[in-house]
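Single-structure report; data block below.
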Amino acid sequence: MSATTTATAADPLELFRRYTVERKTIEYLDADGNPSDLLKAATVRFGEDASFPRDTPTRYSRGNSDSDQYTLSALLHFFSHRDQSFYEYMKTTNTLGLQTVSFSDRGSLLDYITGKTDKFGGADNATAVAGEKHASSDAAGDGRRTRLRTGEADGAGGESGLSADSANDVAREVMRRERSLVSTSSALSSGKSFAHVQDLIKELFPSKSAVDAKNKASSASGSKAENGASRRKSSHRKRRDPIIVVPAAATAMLNMYNIQELLQNHNFVDNRALLEQGGQKPREIFVEHVMPSTGQNMRFRVVDSVQDFGEADWNSLVCVFTQGAAWQFKNWIWKSPEEVFQNCLGMYPKHQDEQPKESTRTWGISPLDIERNKRHMDRATVVGLWSSIEQFMARNKPDFFM
């Protein structure tokens, strides 16, 4: 390959796009130069135009980071699996240890690679290419490639910077695309009322006259009523929401995406559909349930991380859902899965026709069988689940019922 290779020809993203549009063959070579597949390849060769190390960073940035780009291998793998659902594609990349092209980048990246548009990531491709200074002799790049660049450009008379007018045009275009999400004025004019703060301050720091009046009222009502009120306040302060923990893995059958629909509405929804919709994972969920034996309406807190747990949180833990992965319990106060499920109820969600993992047989957990297609059976399954939780709490955490 000639040392005078142009910047465009030596740009892996642009070459990938051109070879895709022109239906040219991209070759994968191992360390000895023999044909290979993408996972075993050391080099990606674009015919006689250029060759790159498999994991060469491209100009396509991940998210809003200017210093983190998708690698060439990530884009090649994504394109070859573009017809997969996002859930299946994400499982594949996690298994192979490759970068995952985010759900939000899929559409614009496909349009650019297939030639439907000359823009990617909100930037004009011609401007982005003009910002590259890339030859075959320095395929590693200068580490500063981003979606919007206004650096050097190759000219007929040699390398020169963009003109002042061009730079101003780019700056104006960037400013035009900006959207103000939060300003000082909008943050201060939230529309929330803080009238209750004054009442709260009076309650926490009562004036001397208010204290005297309260003492007189307490004396008049008698010591028995006072003791009863004190006990009720003490019980109220100690009472916390019982906690349920679900797996953090996106591939888990039950996680933060679909657990509320199951526990509260008695309906199992495959979380793959929710993931493909691009919904945000909640940090915590609160589910209310009426205990049949007592008629008590109890609120449960559902989380997928114990990172911020204190002693009171560990004491409030009543149920844990697991997919049989021991790493789920890393950094827990209990040192093994067996010890975890000696202190809380363990549930193993699975389809009716599946067998639990062999490793879980000594954990002391119960299967939660969910039908694959018979959604009308979900209600009976969830009623049984709540019954198991209530029985466990009655035996091991009776304070929740006081």
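Within each chain, counting starts at residue 1; across the structure tokens, chains are named A, B, ... in the order shown, with ligands numbered 1 upward in that order.
Contact shell of Phe286 (chain A) at 10 Å (only C-alpha atoms; same-chain neighbours under 4 positions omitted): A:Asp241, A:Ile243, A:Ile244, A:Gln260, A:Gln264, A:Arg299, A:Phe300, A:Arg301, A:Val302, A:Val303.
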Name all residues at most 9 Å from Pro349 (chain A) (count only C-alpha atoms; drop same-chain ones fewer than 6 positions away) and give them as a ChimeraX atom specification.
/A:252-254,321-323,356,366-370
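CA of Gln307 (chain A) sits 8.5 Å away from CA of Trp332 (chain A).
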Which residues come within 10 Å of Asn271 (chain A), counting only C-alpha atoms, excluding same-chain residues fewer than 5 positions away, as a ChimeraX atom specification?
/A:87,250-259,276-277
Using only C-alpha atoms, which residues sit within 10 Å of region 388-392 of chain A once same-chain residues fewer than 2 positions away are excluded, as a count of residues only?
22
For CA of Pro247 (chain A) and CA of Asp304 (chain A), quote the distance in Å rounded to one decimal.
5.6 Å
